[in-house]
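Have a look at the structure below, then the notes.
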Amino acid sequence: MPDLPTPQDAAEAALFSECWDAVLSYADLCTSGSAAATQLATEAFTHGIHEARSVTARTKTTGRRNPQLPRIPLLLNSVRTTAAAWEAHGQGHRLDPDLRLWLNSEKAARYTGPPLHRPVALRGLKDLQEPDAALLWLVEVEALPLPAVARRLGLDPVAAAEELGQVRALFRDRCHRNHLDTPMDAKCRSYARLLDAVTRSPGAETPDDLSQHLARCVECAEAAACLRLHGGGLPAALAGGVIGWGGLAYLERRRRAAEAGLAGGRTDAAADTGLAEIKEAAPRIGRTGLLVAAVIVSGLALTVSLMPFGSGNDRDVSARGDAADRQPVADPAVSSPPATKRAEGALVSPEPVDTGVDTGSKSDPEPQGTPSSPARATEGTPGSKSSAAPVEVTKSPASCEVKYTVVDQWTDGFQASVTVTSEKALDSWQIGWTFDDGQRVTQMWDGTVAQDGSRVTASAKDYNKSVTAGGSFAVGFNGSWHDGNTAPDAFTLNGGRCTTAH
């Protein structure tokens, strides 16, 4: 049994039960075995609780608020710092190899370096009042139902949805201020106002020059993900920005645990967040019994999160974003909004975005004809009817050349571009390719994306439909990967095969 700190009161005992399985879940991602995971979780939990208590004591003594993360993200940060201590003191062989690479990179240094250079999401969450930050984290990252979170935090369930909306807006405001406070060069500064404007409205188009800038600048892309509250990207922005390495995998594990009803803790008890006073009741079990129950619940939650879903292994991160909600603003830390679950238990991605093509039934891929010809299903597009007018494409297979470029790659994600040169003039276009390593496109700009298994299709936007003979066009996107990230193949343009530039 883990030797956890002794709870100071009934409220803290309930909090221990709620937080332990989250800490153990992340510790398992960070280590190479279950024994190492338990030890890492125990050390991190102990250090994190002592840190939280010391901050609370300073607040009571001075009467001044000390900015602090809510308990679960604070303890997850403690897992990361404890793992860094293991690496520094010769125990790195017990950690995940990818985590070791990350810990020795500039990406990890951002979390311990100058405060103004730390991720915007981390600073924005810490700037919120702790009860507000707890509400946002439990709903967005832990994926708990809002009524359960309201009961846990002592909120009025009827008013909880309105309060959550206000907290989201407040988080955006804090992130915007932190982005403006970040030391940045003149080019980033010139885009700050435009970035704020285009992320406020769901239907706002992102200008080409801003899209290109976001494809190159990690800090501005992180800020864009936090500022864009619509589109379903907020959970990934929070997890990636606050936790760092493994944030997207943790996000998926917590979603699975929440779906199975094993998210840990007592959902009917308010956590010690300062939001509401807890009426102390006489404990029915001692500390030993409480910890045994916590470990049992944690084991069940971890088992569910590690169960194979579909064809992936226990650490695969399913796509979490509905393609219809994807926005043109880039987000390098993105992973995806929740997948749906089949009756057999396998995870499948949500239905892809409507590309405007009448996909009909599952027919073989081939180019569409003139407007008077009946529309046929395009390669890689799921067979669902569209209410929009069919996309006009050239009648014959196009002669084309494709250049695929990986712009940047990190532990569990990457950014890439696809540039197509067409020998013929086009009134509209749709390109497709096949991933061989199970990669998923999580966000695309300058095109509308749909993905069916390993096959990806990207359709033209209204502003870049026309292509002159010999002209080029391009799309950029962010994606997730796990076991490999080889370049895709089987590129097509309007159903015709393309050659690949080397």
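Chain labels A, B, ... are given in the sequence in which chains occur in the structure tokens; within each chain residues are numbered consecutively from 1, and ligands are likewise numbered from 1 in the order shown.
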
For Gln415 (chain A), find every residue with an atom within 8 Å (counting only C-alpha atoms), except residues of its own chain fewer than 2 positions away, and show them as a compact mmCIF listing (two decimals) with C-alpha atoms, in the first residue's frame.
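File written: selection-v7.txt
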```txt
# COMPACT_ATOMS: atom_id res chain seq x y z
CA ALA A 215 2.62 27.39 -38.36
CA PRO A 332 0.78 22.48 -31.93
CA VAL A 406 7.20 17.92 -41.72
CA VAL A 407 7.59 21.45 -40.33
CA ASP A 408 8.00 20.42 -36.69
CA GLN A 409 7.65 17.31 -34.54
CA GLY A 413 2.41 15.44 -32.26
CA SER A 417 2.32 20.88 -44.98
CA GLY A 476 -1.06 22.90 -43.43
CA PHE A 477 -2.10 20.79 -40.48
CA ASN A 478 -1.29 19.55 -36.99
CA GLY A 479 -1.44 15.85 -36.23
```

Got a sec: who's within 12 Å of Ala490 (chain A), counting only C-alpha atoms, leaving out chain neighbours fewer than 5 positions off, as a ChimeraX atom specification?
/A:379-380,401-402,404,431-436,454-457,495-500

Enumerate as an MDAnalysis selection string all residues of region 49-289 of chain A assigned to alpha helix (DSSP H) by DSSP on the backbone, naming them with the chain letters and numbers the document uses.
chainID A and resid 49:62 71:88 97:103 106:109 120:127 130:140 146:153 157:181 186:198 208:216 218:227 234:242 247:259 287:289

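Computed from the coordinates, the CA of Ala134 (chain A) to CA of Pro70 (chain A) distance equals 5.3 Å.
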
Env of region 87-100 of chain A: 12 Å cut, atoms = only C-alpha atoms, seq-sep filter 5 positions within chain, self excluded. Answer as JSON, numbers by chain.
{"A": [26, 27, 28, 29, 30, 31, 32, 33, 34, 35, 36, 37, 38, 39, 40, 79, 80, 81, 82, 105, 107, 108, 244, 245, 246, 247, 315, 410, 411, 412, 482, 483]}

Please produce a file of the residues just selected, as a short mmCIF file (atom, residue, chain, number, x, y, z; two decimals), in the first residue's frame, where the atoms kept are N, CA, C and O atoms.
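Written output follows (again_33.cif):
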```
data_model
loop_
_atom_site.label_atom_id
_atom_site.label_comp_id
_atom_site.auth_asym_id
_atom_site.auth_seq_id
_atom_site.Cartn_x
_atom_site.Cartn_y
_atom_site.Cartn_z
N TYR A 26 -1.18 9.32 -14.52
CA TYR A 26 -0.12 10.06 -15.21
C TYR A 26 1.26 9.46 -14.91
O TYR A 26 2.12 9.38 -15.80
N ALA A 27 1.48 9.01 -13.67
CA ALA A 27 2.76 8.39 -13.33
C ALA A 27 3.00 7.14 -14.17
O ALA A 27 4.14 6.84 -14.55
N ASP A 28 1.94 6.40 -14.47
CA ASP A 28 2.09 5.21 -15.31
C ASP A 28 2.54 5.57 -16.72
O ASP A 28 3.32 4.84 -17.34
N LEU A 29 2.04 6.70 -17.24
CA LEU A 29 2.49 7.16 -18.55
C LEU A 29 3.97 7.51 -18.53
O LEU A 29 4.67 7.35 -19.54
N CYS A 30 4.45 8.00 -17.41
CA CYS A 30 5.81 8.53 -17.31
C CYS A 30 6.86 7.47 -17.04
O CYS A 30 8.06 7.78 -17.13
N THR A 31 6.47 6.25 -16.70
CA THR A 31 7.42 5.24 -16.25
C THR A 31 7.40 4.02 -17.16
O THR A 31 6.55 3.89 -18.03
N SER A 32 8.34 3.11 -16.88
CA SER A 32 8.49 1.92 -17.72
C SER A 32 7.91 0.67 -17.09
O SER A 32 8.07 -0.41 -17.63
N GLY A 33 7.26 0.78 -15.94
CA GLY A 33 6.67 -0.39 -15.29
C GLY A 33 5.75 0.02 -14.16
O GLY A 33 5.81 1.15 -13.67
N SER A 34 4.90 -0.92 -13.72
CA SER A 34 3.91 -0.59 -12.70
C SER A 34 4.54 -0.29 -11.35
O SER A 34 4.06 0.58 -10.61
N ALA A 35 5.62 -1.00 -10.99
CA ALA A 35 6.27 -0.73 -9.71
C ALA A 35 6.86 0.68 -9.69
O ALA A 35 6.72 1.42 -8.70
N ALA A 36 7.50 1.06 -10.78
CA ALA A 36 8.05 2.41 -10.87
C ALA A 36 6.94 3.45 -10.86
O ALA A 36 7.09 4.53 -10.27
N ALA A 37 5.81 3.14 -11.51
CA ALA A 37 4.69 4.08 -11.54
C ALA A 37 4.15 4.34 -10.15
O ALA A 37 3.88 5.49 -9.77
N THR A 38 4.00 3.27 -9.35
CA THR A 38 3.49 3.44 -7.98
C THR A 38 4.45 4.26 -7.14
O THR A 38 4.01 5.14 -6.36
N GLN A 39 5.75 4.00 -7.28
CA GLN A 39 6.72 4.76 -6.49
C GLN A 39 6.75 6.22 -6.90
O GLN A 39 6.77 7.12 -6.05
N LEU A 40 6.73 6.47 -8.22
CA LEU A 40 6.74 7.86 -8.70
C LEU A 40 5.48 8.59 -8.22
O LEU A 40 5.54 9.73 -7.76
N VAL A 79 4.30 15.30 -10.35
CA VAL A 79 4.78 14.09 -11.03
C VAL A 79 5.89 14.45 -12.00
O VAL A 79 6.94 13.78 -12.05
N ARG A 80 5.68 15.51 -12.77
CA ARG A 80 6.70 15.93 -13.75
C ARG A 80 8.00 16.35 -13.06
O ARG A 80 9.09 15.95 -13.48
N THR A 81 7.91 17.12 -11.99
CA THR A 81 9.12 17.58 -11.31
C THR A 81 9.82 16.42 -10.59
O THR A 81 11.06 16.38 -10.53
N THR A 82 9.06 15.47 -10.06
CA THR A 82 9.67 14.29 -9.43
C THR A 82 10.38 13.44 -10.47
O THR A 82 11.47 12.91 -10.23
N SER A 105 15.18 18.61 -22.95
CA SER A 105 14.99 19.52 -24.08
C SER A 105 14.58 20.90 -23.58
O SER A 105 14.28 21.10 -22.40
N LYS A 107 11.87 22.27 -24.29
CA LYS A 107 10.43 22.26 -23.98
C LYS A 107 10.20 22.09 -22.48
O LYS A 107 9.33 22.74 -21.90
N ALA A 108 10.97 21.21 -21.85
CA ALA A 108 10.82 21.02 -20.40
C ALA A 108 11.32 22.23 -19.64
O ALA A 108 10.76 22.59 -18.59
N GLY A 244 2.26 19.36 -19.81
CA GLY A 244 3.46 19.23 -20.62
C GLY A 244 3.50 17.88 -21.31
O GLY A 244 2.53 17.48 -21.97
N TRP A 245 4.58 17.15 -21.13
CA TRP A 245 4.74 15.86 -21.81
C TRP A 245 3.61 14.91 -21.41
O TRP A 245 3.27 14.79 -20.23
N GLY A 246 3.06 14.22 -22.40
CA GLY A 246 2.02 13.23 -22.14
C GLY A 246 0.66 13.81 -21.83
O GLY A 246 -0.25 13.07 -21.43
N GLY A 247 0.48 15.12 -22.01
CA GLY A 247 -0.80 15.73 -21.68
C GLY A 247 -1.95 15.16 -22.47
O GLY A 247 -3.05 14.95 -21.94
N ARG A 315 -1.29 2.82 -24.98
CA ARG A 315 -0.92 4.22 -24.86
C ARG A 315 -1.36 5.03 -26.06
O ARG A 315 -0.98 6.17 -26.20
N TRP A 410 7.07 16.88 -32.21
CA TRP A 410 7.33 16.79 -30.79
C TRP A 410 6.89 15.41 -30.31
O TRP A 410 6.60 14.52 -31.12
N THR A 411 6.88 15.19 -29.01
CA THR A 411 6.74 13.84 -28.45
C THR A 411 5.55 13.08 -29.00
O THR A 411 5.65 11.94 -29.39
N ASP A 412 4.39 13.72 -29.03
CA ASP A 412 3.19 13.00 -29.46
C ASP A 412 2.43 13.77 -30.53
O ASP A 412 1.25 13.52 -30.75
N HIS A 482 2.07 8.12 -32.68
CA HIS A 482 2.49 7.36 -31.49
C HIS A 482 3.67 6.45 -31.82
O HIS A 482 4.76 6.64 -31.33
N ASP A 483 3.46 5.44 -32.68
CA ASP A 483 4.51 4.46 -32.94
C ASP A 483 5.48 4.87 -34.04
O ASP A 483 6.58 4.33 -34.15
#
```

Between CA of Tyr111 (chain A) and CA of Val149 (chain A), what is the distance in Å, rounded to a tenth?
28.3 Å

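Using only C-alpha atoms, the shortest contact distance between Glu18 (chain A) and any of A:Lys403, A:His117, A:His179, A:Arg71 is found at A:Arg71.
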
Pick from A:Lys424, A:Val218, A:Ala469, A:Val418 nearest to Asp489 (chain A), counting only C-alpha atoms
A:Val418

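When only C-alpha atoms are used to compute distances to Trp429 (chain A), the closest of the residues A:Asp462, A:Asp9, A:Glu252, A:Glu219 turns out to be A:Asp462.
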
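The coordinates place CA of Ser211 (chain A) at 16.9 Å from CA of Ala186 (chain A).
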
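When only C-alpha atoms are used to compute distances to Ala236 (chain A), the closest of the residues A:Glu205, A:Glu140, A:Glu259, A:Asp181 turns out to be A:Glu140.
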
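Using only C-alpha atoms, the shortest contact distance between Val141 (chain A) and any of A:Arg440, A:His213, A:Lys465, A:Arg253 is found at A:Arg253.
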